[in-house]
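J.: What follows is model_19.cif, mmCIF, C-alpha atoms.
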```cif
data_my_file
#
loop_
_atom_site.label_atom_id
_atom_site.label_comp_id
_atom_site.auth_asym_id
_atom_site.auth_seq_id
_atom_site.Cartn_x
_atom_site.Cartn_y
_atom_site.Cartn_z
CA MET O 1354 73.86 -10.74 -51.63
CA TRP O 1355 77.48 -11.37 -52.51
CA ARG O 1356 80.80 -9.92 -51.51
CA ALA O 1357 84.16 -10.57 -53.17
CA THR O 1358 87.44 -9.37 -51.73
CA ALA O 1359 88.87 -6.43 -53.63
CA ARG O 1360 91.49 -7.15 -56.22
CA LYS O 1361 94.88 -5.49 -56.12
CA LYS O 1362 95.71 -2.89 -58.75
CA GLY O 1363 97.69 -4.52 -61.50
CA GLN O 1364 96.46 -8.00 -60.60
CA LEU O 1365 96.79 -10.55 -63.40
CA ASP O 1366 94.20 -13.03 -64.56
CA ARG O 1367 94.83 -16.74 -65.12
CA ALA O 1368 96.16 -16.01 -68.64
CA GLY O 1369 98.72 -13.56 -67.26
CA ASP O 1370 96.97 -10.45 -68.54
CA GLU O 1371 96.29 -7.45 -66.35
CA ILE O 1372 92.67 -7.23 -65.23
CA GLU O 1373 90.85 -4.19 -66.57
CA ASP O 1374 90.48 -1.51 -63.91
CA ARG O 1375 86.71 -0.99 -63.70
CA ILE O 1376 83.74 -1.83 -61.49
CA TYR O 1377 82.48 -5.38 -61.94
CA ASN O 1378 78.89 -6.05 -60.88
CA GLN O 1379 76.59 -9.06 -60.56
CA LYS O 1380 75.93 -9.20 -64.31
CA ASP O 1381 79.65 -9.74 -64.91
CA PHE O 1382 79.84 -12.92 -62.82
CA ASP O 1383 80.51 -15.93 -65.07
CA ARG O 1384 79.90 -13.91 -68.22
CA THR O 1385 82.96 -11.66 -68.25
CA LEU O 1386 84.45 -12.37 -64.83
CA VAL O 1387 84.91 -15.88 -63.41
CA LEU O 1388 85.64 -16.35 -59.70
CA ASP O 1389 86.10 -20.03 -58.96
CA ASP O 1390 85.47 -19.47 -55.25
CA ARG O 1391 82.04 -18.08 -56.05
CA THR O 1392 81.12 -21.14 -58.14
CA LYS O 1393 82.29 -23.43 -55.34
CA LEU O 1394 80.27 -21.46 -52.79
CA VAL O 1395 77.08 -21.73 -54.87
CA ALA O 1396 77.61 -25.48 -55.28
CA LYS O 1397 78.21 -25.88 -51.54
CA LYS O 1398 75.11 -23.86 -50.65
CA VAL O 1399 72.92 -25.99 -52.93
CA SER O 1400 74.48 -29.24 -51.68
CA ASP O 1401 74.12 -28.19 -48.04
CA PHE O 1402 70.45 -27.42 -48.64
CA LEU O 1403 69.87 -30.92 -50.01
CA LYS O 1404 71.79 -32.54 -47.17
CA GLU O 1405 69.93 -30.57 -44.51
CA SER O 1406 66.59 -31.41 -46.14
CA GLY O 1407 67.22 -35.09 -45.50
CA ASN O 1408 66.72 -35.96 -49.18
CA ARG O 1409 69.71 -35.60 -51.48
CA PHE O 1410 67.78 -37.15 -54.36
CA GLN O 1411 65.46 -34.22 -54.98
CA LYS O 1412 65.49 -33.57 -58.73
CA THR O 1413 67.29 -30.22 -59.16
CA ILE O 1414 67.92 -27.86 -62.09
CA VAL O 1415 70.72 -25.28 -61.82
CA PHE O 1416 70.39 -22.53 -64.45
CA CYS O 1417 73.78 -21.10 -65.43
CA VAL O 1418 74.96 -18.19 -67.58
CA ASP O 1419 76.14 -20.35 -70.48
CA THR O 1420 77.38 -23.85 -71.31
CA GLU O 1421 80.88 -23.18 -69.98
CA HIS O 1422 79.47 -21.98 -66.67
CA ALA O 1423 77.24 -25.07 -66.58
CA ALA O 1424 80.34 -27.25 -67.02
CA ARG O 1425 82.17 -25.55 -64.15
CA MET O 1426 79.08 -25.72 -61.94
CA ARG O 1427 78.72 -29.41 -62.67
CA GLN O 1428 82.30 -30.05 -61.55
CA ALA O 1429 81.79 -28.01 -58.39
CA LEU O 1430 78.66 -30.03 -57.57
CA ILE O 1431 80.56 -33.25 -58.25
CA ASN O 1432 83.20 -32.18 -55.74
CA GLU O 1433 80.55 -31.40 -53.11
CA ASN O 1434 78.76 -34.70 -53.64
CA ALA O 1435 81.66 -37.03 -54.34
CA ASP O 1436 80.14 -39.86 -52.29
CA LEU O 1437 76.97 -40.08 -54.40
CA VAL O 1438 78.81 -39.44 -57.67
CA GLN O 1439 81.10 -42.36 -56.84
CA THR O 1440 78.01 -44.55 -56.54
CA ASN O 1441 76.60 -43.32 -59.85
CA ALA O 1442 78.32 -40.78 -62.11
CA ARG O 1443 74.94 -39.62 -63.42
CA TYR O 1444 74.06 -38.08 -60.05
CA VAL O 1445 75.28 -34.75 -61.52
CA MET O 1446 74.93 -34.10 -65.25
CA ARG O 1447 75.22 -31.13 -67.57
CA ILE O 1448 72.36 -30.97 -70.06
CA THR O 1449 73.05 -28.30 -72.67
CA GLY O 1450 72.52 -28.00 -76.39
CA ASP O 1451 76.09 -28.99 -77.23
CA ASP O 1452 76.43 -31.86 -74.73
CA ALA O 1453 75.30 -35.09 -76.41
CA GLU O 1454 75.95 -37.20 -73.32
CA GLY O 1455 73.87 -34.90 -71.15
CA GLN O 1456 71.05 -34.58 -73.66
CA ALA O 1457 70.80 -38.36 -73.79
CA GLN O 1458 69.86 -38.25 -70.09
CA LEU O 1459 67.09 -35.66 -70.47
CA GLY O 1460 64.41 -38.34 -70.74
CA ASN O 1461 65.62 -39.98 -67.54
CA PHE O 1462 65.68 -36.66 -65.70
CA ILE O 1463 62.01 -35.95 -66.42
CA ASP O 1464 60.93 -39.59 -65.88
CA PRO O 1465 59.42 -39.85 -62.36
CA GLU O 1466 60.47 -43.52 -62.24
CA ALA O 1467 64.15 -42.85 -63.06
CA LYS O 1468 66.45 -42.15 -60.12
CA TYR O 1469 69.25 -40.54 -62.14
CA PRO O 1470 70.22 -37.85 -63.08
CA VAL O 1471 69.46 -35.92 -59.89
CA LEU O 1472 71.34 -32.62 -60.18
CA VAL O 1473 71.35 -31.05 -63.64
CA THR O 1474 73.21 -27.93 -64.74
CA THR O 1475 72.03 -26.12 -67.84
CA SER O 1476 71.86 -22.69 -69.47
CA ARG O 1477 68.64 -22.34 -71.47
CA LEU O 1478 67.86 -25.86 -72.63
CA LEU O 1479 65.58 -26.66 -69.69
CA SER O 1480 63.86 -23.29 -69.41
CA THR O 1481 61.07 -24.33 -71.79
CA GLY O 1482 59.42 -27.48 -73.05
CA VAL O 1483 60.49 -29.83 -70.26
CA ASP O 1484 57.77 -31.37 -68.12
CA ALA O 1485 59.87 -32.05 -65.00
CA GLN O 1486 57.04 -33.22 -62.76
CA THR O 1487 59.27 -34.31 -59.90
CA CYS O 1488 61.66 -31.32 -59.94
CA ARG O 1489 61.68 -30.04 -56.35
CA LEU O 1490 64.55 -27.54 -56.47
CA ILE O 1491 65.32 -24.81 -59.02
CA VAL O 1492 68.56 -22.85 -58.66
CA LEU O 1493 69.08 -19.57 -60.49
CA ASP O 1494 72.70 -18.60 -60.97
CA ARG O 1495 72.11 -16.32 -63.93
CA ALA O 1496 70.12 -13.15 -64.39
CA VAL O 1497 66.62 -13.50 -65.80
CA GLY O 1498 65.51 -10.11 -67.07
CA SER O 1499 62.51 -11.35 -69.01
CA MET O 1500 59.25 -12.00 -67.15
CA THR O 1501 58.32 -14.47 -69.89
CA GLU O 1502 61.48 -16.49 -69.37
CA PHE O 1503 61.13 -16.29 -65.60
CA LYS O 1504 57.64 -17.79 -65.82
CA GLN O 1505 58.98 -20.54 -68.05
CA ILE O 1506 61.79 -21.36 -65.63
CA VAL O 1507 59.50 -21.36 -62.60
CA GLY O 1508 57.18 -23.62 -64.57
CA ARG O 1509 59.83 -26.35 -64.37
CA GLY O 1510 59.00 -26.68 -60.66
CA THR O 1511 55.26 -26.04 -60.51
CA ARG O 1512 54.27 -29.49 -61.75
CA VAL O 1513 52.41 -31.48 -59.10
CA HIS O 1514 53.22 -35.17 -58.76
CA GLU O 1515 50.95 -36.87 -56.25
CA ASP O 1516 52.61 -40.29 -56.40
CA THR O 1517 55.83 -38.84 -54.94
CA LYS O 1518 53.93 -36.33 -52.75
CA LYS O 1519 55.43 -33.41 -54.61
CA PHE O 1520 53.10 -30.49 -53.95
CA TYR O 1521 55.58 -27.60 -53.77
CA PHE O 1522 59.08 -26.68 -54.88
CA THR O 1523 61.96 -24.53 -53.65
CA LEU O 1524 63.75 -21.85 -55.64
CA ILE O 1525 67.25 -20.76 -54.59
CA ASP O 1526 68.15 -17.50 -56.30
CA PHE O 1527 71.72 -16.17 -56.39
CA ARG O 1528 71.04 -13.38 -58.90
CA GLY O 1529 67.98 -11.51 -57.61
CA ALA O 1530 65.72 -12.86 -60.37
CA SER O 1531 63.05 -13.87 -57.85
CA ALA O 1532 62.15 -10.17 -57.56
CA HIS O 1533 59.80 -11.00 -60.44
CA PHE O 1534 57.50 -12.66 -57.90
CA ALA O 1535 56.71 -9.21 -56.49
CA ASP O 1536 55.92 -7.83 -59.96
CA PRO O 1537 52.15 -7.38 -60.51
CA ASP O 1538 52.64 -8.90 -63.96
CA PHE O 1539 53.85 -12.19 -62.50
CA ASP O 1540 50.29 -13.47 -62.24
CA GLY O 1541 49.20 -11.65 -65.37
CA GLU O 1542 48.75 -13.08 -68.82
CA PRO O 1543 49.92 -16.66 -69.50
CA VAL O 1544 53.39 -17.16 -70.92
CA GLN O 1545 51.88 -18.39 -74.17
CA ILE O 1546 48.36 -18.42 -75.57
CA TYR O 1547 47.96 -21.07 -78.25
CA GLU O 1548 44.79 -21.69 -80.25
CA PRO O 1549 45.46 -24.57 -82.66
CA GLY O 1550 43.65 -24.73 -85.96
CA ALA O 1551 41.99 -27.82 -87.36
CA ASP O 1552 45.20 -29.18 -88.84
CA ASP O 1553 47.60 -27.84 -86.20
CA PRO O 1554 49.27 -30.02 -83.53
CA VAL O 1555 47.74 -30.01 -80.07
CA VAL O 1556 51.09 -29.20 -78.45
CA PRO O 1557 52.05 -25.53 -78.95
CA PRO O 1558 55.32 -24.70 -80.72
CA GLU O 1559 58.24 -23.68 -78.58
CA GLU O 1560 58.86 -19.95 -78.26
CA ALA O 1561 62.24 -18.46 -77.54
CA PRO O 1562 62.08 -16.34 -74.38
CA HIS O 1563 61.90 -12.59 -74.91
CA ALA O 1564 64.56 -10.31 -73.50
CA ALA O 1565 63.86 -7.40 -71.21
CA GLU O 1566 63.77 -3.94 -72.79
CA ASP O 1567 67.33 -3.10 -71.75
CA GLU O 1568 68.80 -6.41 -72.91
CA GLU O 1569 69.74 -7.91 -76.25
CA PRO O 1570 67.31 -10.47 -77.73
CA ILE O 1571 67.78 -13.94 -76.22
CA PRO O 1572 68.54 -16.52 -78.92
CA PRO O 1573 67.20 -20.07 -78.57
CA GLU O 1574 70.74 -21.46 -78.81
CA PRO O 1575 74.09 -20.17 -77.47
CA GLY O 1576 75.60 -17.49 -79.69
CA ASP O 1577 79.11 -16.83 -80.94
CA ASP O 1578 79.87 -14.82 -77.82
CA GLU O 1579 79.40 -17.86 -75.60
CA VAL O 1580 82.13 -20.41 -75.02
CA ILE O 1581 81.00 -23.79 -76.34
CA VAL O 1582 82.46 -26.62 -74.27
CA ASP O 1583 82.30 -30.33 -75.12
CA GLY O 1584 83.35 -33.17 -72.89
CA ASP O 1585 83.28 -33.87 -69.19
CA PRO O 1586 85.03 -31.93 -66.44
CA PRO O 1587 87.74 -31.92 -65.27
CA ASP O 1588 89.22 -32.82 -68.67
CA ILE O 1589 87.83 -29.69 -70.34
CA ASP O 1590 90.45 -27.29 -71.62
CA ILE O 1591 88.66 -23.94 -71.24
CA PRO O 1592 89.97 -21.33 -73.68
CA PRO O 1593 90.90 -17.94 -72.21
CA GLY O 1594 88.72 -15.98 -74.68
CA GLY O 1595 85.23 -16.33 -76.09
CA GLY O 1596 85.09 -14.19 -79.23
CA GLU O 1597 85.65 -10.62 -80.28
CA LYS O 1598 82.70 -9.12 -78.36
CA TRP O 1599 84.03 -10.15 -74.97
CA ARG O 1600 86.19 -12.68 -73.27
CA LYS O 1601 86.01 -14.25 -69.87
CA ILE O 1602 88.50 -13.18 -67.26
CA TYR O 1603 89.46 -16.02 -64.91
CA VAL O 1604 90.65 -14.70 -61.57
CA ASP O 1605 92.24 -16.89 -58.91
CA GLY O 1606 92.68 -16.15 -55.23
CA VAL O 1607 89.62 -13.92 -54.83
CA ALA O 1608 87.43 -15.10 -51.97
CA ALA O 1609 83.64 -14.84 -52.20
CA THR O 1610 81.18 -14.83 -49.32
CA ILE O 1611 77.41 -14.63 -48.92
CA ILE O 1612 76.69 -11.60 -46.75
CA ALA O 1613 72.88 -11.70 -46.70
CA GLU O 1614 70.11 -14.26 -47.18
CA ARG O 1615 66.34 -13.95 -47.33
CA VAL O 1616 63.62 -16.61 -47.21
CA GLU O 1617 60.31 -15.86 -48.94
CA TYR O 1618 57.18 -17.90 -49.55
CA LEU O 1619 54.28 -17.83 -51.97
CA ASP O 1620 50.83 -18.36 -50.48
CA ASP O 1621 48.04 -20.59 -51.83
CA ASN O 1622 47.15 -17.92 -54.38
CA GLY O 1623 50.70 -17.52 -55.64
CA LYS O 1624 51.21 -14.15 -53.94
CA LEU O 1625 54.52 -13.29 -52.30
CA VAL O 1626 54.31 -13.54 -48.53
CA THR O 1627 55.67 -10.37 -46.98
CA GLU O 1628 55.05 -11.31 -43.35
CA SER O 1629 57.79 -12.82 -41.24
CA LEU O 1630 58.54 -16.53 -41.46
CA ARG O 1631 57.25 -16.87 -37.90
CA ASP O 1632 53.90 -15.19 -38.68
CA PHE O 1633 53.55 -17.12 -41.92
CA THR O 1634 54.13 -20.44 -40.13
CA ARG O 1635 51.77 -19.50 -37.31
CA ASN O 1636 48.94 -18.82 -39.75
CA ALA O 1637 49.65 -21.97 -41.75
CA LEU O 1638 49.77 -24.17 -38.63
CA LYS O 1639 46.46 -22.75 -37.40
CA LYS O 1640 44.92 -23.75 -40.71
CA ARG O 1641 46.42 -27.23 -40.31
CA PHE O 1642 45.37 -27.67 -36.66
CA ALA O 1643 42.00 -26.19 -35.67
CA SER O 1644 43.09 -25.67 -32.06
CA LEU O 1645 45.73 -26.57 -29.52
CA ASP O 1646 43.57 -29.50 -28.40
CA ASP O 1647 43.36 -30.68 -32.01
CA PHE O 1648 47.16 -30.63 -32.32
CA LEU O 1649 47.64 -32.39 -28.97
CA THR O 1650 45.18 -35.10 -29.95
CA GLN O 1651 46.99 -35.78 -33.22
CA TRP O 1652 50.43 -35.65 -31.60
CA ASN O 1653 49.55 -37.99 -28.73
CA ALA O 1654 47.80 -40.43 -31.09
CA ALA O 1655 50.80 -40.71 -33.42
CA ASP O 1656 53.17 -43.57 -32.59
CA ARG O 1657 55.64 -41.98 -35.01
CA LYS O 1658 55.94 -38.33 -34.03
CA GLN O 1659 58.27 -37.84 -36.97
CA ALA O 1660 55.36 -38.68 -39.30
CA ILE O 1661 53.65 -35.42 -38.32
CA ILE O 1662 56.81 -33.44 -39.04
CA GLU O 1663 57.21 -35.17 -42.41
CA ALA O 1664 53.57 -34.47 -43.30
CA LEU O 1665 54.05 -30.77 -42.54
CA ALA O 1666 57.18 -30.66 -44.70
CA GLU O 1667 55.33 -32.30 -47.60
CA GLU O 1668 52.66 -29.59 -47.29
CA GLY O 1669 55.32 -26.87 -47.60
CA LEU O 1670 55.83 -26.27 -43.86
CA PRO O 1671 59.36 -27.45 -42.98
CA LEU O 1672 60.12 -26.58 -39.36
CA ASP O 1673 63.92 -26.34 -39.58
CA PRO O 1674 63.99 -22.72 -40.92
CA LEU O 1675 61.55 -21.72 -38.17
CA ALA O 1676 63.71 -23.38 -35.51
CA GLU O 1677 66.70 -21.35 -36.73
CA GLU O 1678 64.69 -18.13 -36.53
CA VAL O 1679 63.35 -18.86 -33.03
CA GLY O 1680 66.91 -19.65 -31.99
CA LYS O 1681 66.12 -22.15 -29.26
CA ASP O 1682 66.87 -25.86 -28.89
CA LEU O 1683 63.21 -26.82 -29.08
CA ASP O 1684 61.43 -30.08 -29.79
CA PRO O 1685 59.12 -29.75 -32.86
CA PHE O 1686 56.25 -30.22 -30.41
CA ASP O 1687 57.29 -27.16 -28.41
CA LEU O 1688 58.05 -25.22 -31.58
CA ILE O 1689 54.48 -25.73 -32.83
CA CYS O 1690 52.86 -25.07 -29.45
CA HIS O 1691 54.95 -21.95 -28.91
CA VAL O 1692 54.67 -20.39 -32.36
CA ALA O 1693 51.10 -21.35 -33.26
CA PHE O 1694 49.43 -21.34 -29.85
CA ASP O 1695 51.65 -19.06 -27.70
CA ARG O 1696 52.46 -21.79 -25.16
CA PRO O 1697 55.65 -21.38 -23.07
CA PRO O 1698 58.21 -23.79 -24.54
CA LEU O 1699 60.61 -26.23 -22.91
CA THR O 1700 63.95 -27.14 -24.42
CA ARG O 1701 64.74 -30.77 -25.15
CA ARG O 1702 67.11 -30.80 -22.17
CA GLU O 1703 64.34 -29.57 -19.88
CA ARG O 1704 61.95 -32.22 -21.15
CA ALA O 1705 64.56 -34.95 -20.70
CA GLU O 1706 65.34 -33.79 -17.17
CA ASN O 1707 61.63 -33.90 -16.30
CA VAL O 1708 61.53 -37.55 -17.37
CA ARG O 1709 64.55 -38.35 -15.21
CA LYS O 1710 62.96 -36.65 -12.20
CA ARG O 1711 59.87 -38.85 -12.57
CA ASP O 1712 62.13 -41.92 -12.44
CA VAL O 1713 59.98 -43.95 -14.79
CA PHE O 1714 62.66 -46.57 -15.51
CA THR O 1715 62.72 -48.28 -12.12
CA LYS O 1716 60.55 -51.24 -13.16
CA TYR O 1717 63.12 -52.36 -15.74
CA GLY O 1718 66.37 -54.22 -15.28
CA PRO O 1719 69.75 -52.45 -15.25
CA GLN O 1720 70.53 -52.97 -18.95
CA ALA O 1721 67.01 -52.06 -20.08
CA ARG O 1722 67.24 -48.87 -18.01
CA ALA O 1723 70.59 -48.11 -19.64
CA VAL O 1724 69.00 -48.47 -23.10
CA LEU O 1725 66.13 -46.13 -22.18
CA GLU O 1726 68.54 -43.58 -20.72
CA ALA O 1727 70.65 -43.70 -23.90
CA LEU O 1728 67.51 -43.19 -26.00
CA LEU O 1729 66.53 -40.24 -23.83
CA GLN O 1730 70.02 -38.79 -24.33
CA LYS O 1731 69.64 -39.21 -28.12
CA TYR O 1732 66.43 -37.21 -27.92
CA GLN O 1733 68.08 -34.52 -25.79
CA ASP O 1734 71.25 -34.13 -27.86
CA GLU O 1735 70.02 -34.78 -31.40
CA GLY O 1736 66.25 -34.34 -31.31
CA VAL O 1737 65.61 -37.95 -32.37
CA LEU O 1738 61.84 -38.58 -32.31
CA ASN O 1739 61.56 -42.14 -33.66
CA LEU O 1740 62.98 -43.69 -30.50
CA ASP O 1741 61.29 -47.05 -31.13
CA ASP O 1742 63.18 -47.58 -34.41
CA PRO O 1743 65.36 -50.68 -33.84
CA ARG O 1744 67.94 -49.28 -36.27
CA LEU O 1745 68.96 -46.85 -33.55
CA LEU O 1746 70.27 -49.83 -31.62
CA GLN O 1747 72.87 -50.41 -34.33
CA ILE O 1748 74.74 -47.13 -33.73
CA ALA O 1749 76.69 -45.58 -30.85
CA PRO O 1750 76.35 -45.88 -27.94
CA PHE O 1751 74.07 -48.92 -28.33
CA ASP O 1752 76.51 -50.91 -30.47
CA ALA O 1753 78.83 -51.09 -27.46
CA MET O 1754 76.01 -52.35 -25.22
CA GLY O 1755 75.10 -55.44 -27.26
CA THR O 1756 73.40 -56.43 -30.50
CA PRO O 1757 69.93 -55.02 -31.24
CA LEU O 1758 68.38 -58.42 -30.56
CA GLN O 1759 70.18 -58.70 -27.21
CA LEU O 1760 69.06 -55.22 -26.17
CA ILE O 1761 65.44 -55.81 -27.18
CA LYS O 1762 65.41 -59.08 -25.20
CA GLN O 1763 66.13 -57.06 -22.04
CA PHE O 1764 62.52 -55.84 -22.35
CA GLY O 1765 61.08 -59.22 -23.36
CA THR O 1766 59.74 -59.10 -26.91
CA ARG O 1767 59.93 -56.41 -29.56
CA THR O 1768 56.38 -55.42 -28.62
CA ASP O 1769 57.55 -54.97 -25.02
CA PHE O 1770 60.43 -52.80 -26.23
CA GLU O 1771 58.10 -50.63 -28.29
CA ARG O 1772 55.69 -50.33 -25.37
CA ALA O 1773 58.50 -49.15 -23.09
CA VAL O 1774 59.66 -46.54 -25.62
CA HIS O 1775 56.12 -45.27 -26.19
CA GLU O 1776 55.77 -44.88 -22.44
CA LEU O 1777 59.01 -42.89 -22.45
CA GLN O 1778 57.68 -40.64 -25.24
CA ALA O 1779 54.36 -40.15 -23.45
CA THR O 1780 56.26 -39.09 -20.31
CA LEU O 1781 58.26 -36.60 -22.37
CA TYR O 1782 55.05 -34.72 -23.21
CA GLN O 1783 53.18 -35.40 -19.98
CA GLY O 1784 51.41 -32.28 -18.78
CA ALA O 1785 52.70 -30.43 -21.84
CA ALA O 1786 49.61 -28.31 -22.12
#
```
Would you mind writing the structure in this file as structure tokens?
T.:
Amino acid sequence: MWRATARKKGQLDRAGDEIEDRIYNQKDFDRTLVLDDRTKLVAKKVSDFLKESGNRFQKTIVFCVDTEHAARMRQALINENADLVQTNARYVMRITGDDAEGQAQLGNFIDPEAKYPVLVTTSRLLSTGVDAQTCRLIVLDRAVGSMTEFKQIVGRGTRVHEDTKKFYFTLIDFRGASAHFADPDFDGEPVQIYEPGADDPVVPPEEAPHAAEDEEPIPPEPGDDEVIVDGDPPDIDIPPGGGEKWRKIYVDGVAATIIAERVEYLDDNGKLVTESLRDFTRNALKKRFASLDDFLTQWNAADRKQAIIEALAEEGLPLDPLAEEVGKDLDPFDLICHVAFDRPPLTRRERAENVRKRDVFTKYGPQARAVLEALLQKYQDEGVLNLDDPRLLQIAPFDAMGTPLQLIKQFGTRTDFERAVHELQATLYQGAA
């Protein structure tokens, strides 16, 4: 849900014309009314999601109102991801019917072996006929009134790709189009039923998406009422008008904020989950782990605790949203035990303090004890689980204590270092259940 600060009566648009005094709603955004702050906020929200996921190279399609909107969205995403764009300019591309450079990259986008492009902005070009097997994120920043078109768009993410462990996808909706999931017709008839004749091609012909009853027919290509933009931002000179039917009003200095968010899931049968995120995760975790003892056995047997968290995320059970809902500074171990099996949780600080009380470092030398204490502090402050990863010894505060090789030698060999860290991790969860 969006909020934009109210304009002042008599306010002028970017062209110097007075803005028409009427109510502007969600359908006006980027079609008749352009608020740059809103575009920037959408780009930031998408970029933050990718950063927080730990994988900024998830193939992503952002559906925009038209080609001009796709151009502005591309520039906003470039600004939010300047570091990766500097490494490769194809990190963000616009792929629309009038963009030859972008269309030339379509094959690379759908190729599971190609790293770039990663983020793609489009209008309708990618809604049908694109087998994007590795697309993990779909962003809707335009209304989708047609159930047929909505199914086609969602179909860009439903491809399974086992080689890259892609078994689910995420949809971020800024326009309320995901309400179609709750429509009984969502799981109704297929988008297209094709019965080829003897001489017909096996692949069905493309169909232009149908419009909803209260909308004009949706053409397969942008019409005369859409601004056609060629070239790459920021060198595009966007005209103030887009035809006789309507023109876009560009308004500066109007702040936009997101005032409400909602997270929803589809279950194994494709039905919208209406239970709370906490209840949904509890049920899913109980399917994953037969009992508390089963979970404890797997957790204690795993040298890399993070591997269990990564496996859950790959199965569509990321724990970060749940941690935000629970609102406590919990270890993933405690989060699972608490939510799935109703065990009283301990915070990371409490677990770290319990280790210090047991004084398990006394058998090591002063510098080795200092390394273990610093690792324990990393766990407490940042929730680091892979404490035996030598790459940790390359960053603060370890870089000021010596080189990784020097620090490992304080324990003897690398095997001795790993043994000491595993003992530390075992103590963290000692008597946990």
J.: Quick check, in Å to one decimal: how far apart do atom CA of Ile1689 of chain O and atom CA of Arg1711 of chain O lie?
T.: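 Between these atoms lies a distance of 24.7 Å.
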J.: Assuming the chain letters and numbering stay as they are in my file, what does the PyMOL selection byres ((chain O and resi 1702) around 12) actually select? List them as a count of residues only.
T.: 24
J.: Give me the result of the PyMOL selection byres ((chain O and resi 1629-1637) around 6) on this file, residue by residue, as a list in words.
T.: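 So the PyMOL selection byres ((chain O and resi 1629-1637) around 6), applied here, picks out Glu1628, Leu1638, Lys1639, Lys1640, Val1692 and Ala1693 of chain O.
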J.: Counting all atoms listed in the file, which residues of segment 1625-1686 of chain O fall within 10 Å of segment 1775-1778 of chain O, and what is the closest atom pair for each with its distance in Å at one decimal, ordered by chain and rising number, as JSON lines?
T.:
```
{"residue": "O:Asn1653", "atom": "CA", "partner": "O:Gln1778", "partner_atom": "CA", "distance": 9.2}
{"residue": "O:Asp1656", "atom": "CA", "partner": "O:His1775", "partner_atom": "CA", "distance": 7.2}
{"residue": "O:Arg1657", "atom": "CA", "partner": "O:His1775", "partner_atom": "CA", "distance": 9.4}
{"residue": "O:Lys1658", "atom": "CA", "partner": "O:Gln1778", "partner_atom": "CA", "distance": 9.3}
```
J.: So what do you get for atom CA of Phe1382 of chain O versus atom CA of Leu1472 of chain O, distance-wise?
T.: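 Straight-line distance from atom CA of Phe1382 of chain O to atom CA of Leu1472 of chain O works out to 21.6 Å.
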J.: I would like the residues chosen by the PyMOL selection byres ((chain O and resi 1484-1494) around 6) on the shown file; could you give them as a ChimeraX atom specification?
T.: /O:1411-1417,1463,1483,1495,1509-1510,1512,1514,1522-1528
J.: Tell me, in Å to one decimal, how far atom CA of Leu1672 of chain O is from atom CA of Pro1685 of chain O.
T.: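 Rounded to one decimal, the two atoms are 7.3 Å apart.
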J.: Render segment 1742-1773 of chain O from the structure in the preceding block as a file of C-alpha atoms, as a tab-separated table (two decimals), in the first residue's frame.
T.:
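Result saved to selection_8.tsv:
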```
chain	number	residue	atom	x	y	z
O	1742	ASP	CA	35.55	-20.97	7.99
O	1743	PRO	CA	39.17	-19.72	7.77
O	1744	ARG	CA	37.99	-16.73	5.72
O	1745	LEU	CA	36.63	-15.26	8.94
O	1746	LEU	CA	40.22	-14.90	10.08
O	1747	GLN	CA	40.83	-12.39	7.28
O	1748	ILE	CA	38.41	-9.76	8.63
O	1749	ALA	CA	38.17	-7.64	11.78
O	1750	PRO	CA	39.03	-8.20	14.53
O	1751	PHE	CA	41.16	-11.18	13.45
O	1752	ASP	CA	43.18	-9.23	10.87
O	1753	ALA	CA	44.68	-7.22	13.73
O	1754	MET	CA	45.61	-10.39	15.63
O	1755	GLY	CA	47.78	-11.97	12.92
O	1756	THR	CA	47.49	-13.69	9.55
O	1757	PRO	CA	45.06	-16.61	9.21
O	1758	LEU	CA	47.98	-19.05	9.07
O	1759	GLN	CA	49.51	-17.58	12.24
O	1760	LEU	CA	46.20	-17.79	14.09
O	1761	ILE	CA	45.54	-21.38	13.00
O	1762	LYS	CA	49.05	-22.38	14.14
O	1763	GLN	CA	48.09	-21.33	17.68
O	1764	PHE	CA	45.91	-24.46	17.71
O	1765	GLY	CA	48.44	-26.68	15.93
O	1766	THR	CA	47.14	-27.74	12.53
O	1767	ARG	CA	44.06	-26.70	10.60
O	1768	THR	CA	42.39	-29.91	11.79
O	1769	ASP	CA	43.13	-28.87	15.38
O	1770	PHE	CA	41.60	-25.45	14.69
O	1771	GLU	CA	38.46	-27.00	13.24
O	1772	ARG	CA	38.21	-29.41	16.17
O	1773	ALA	CA	38.40	-26.52	18.64
```
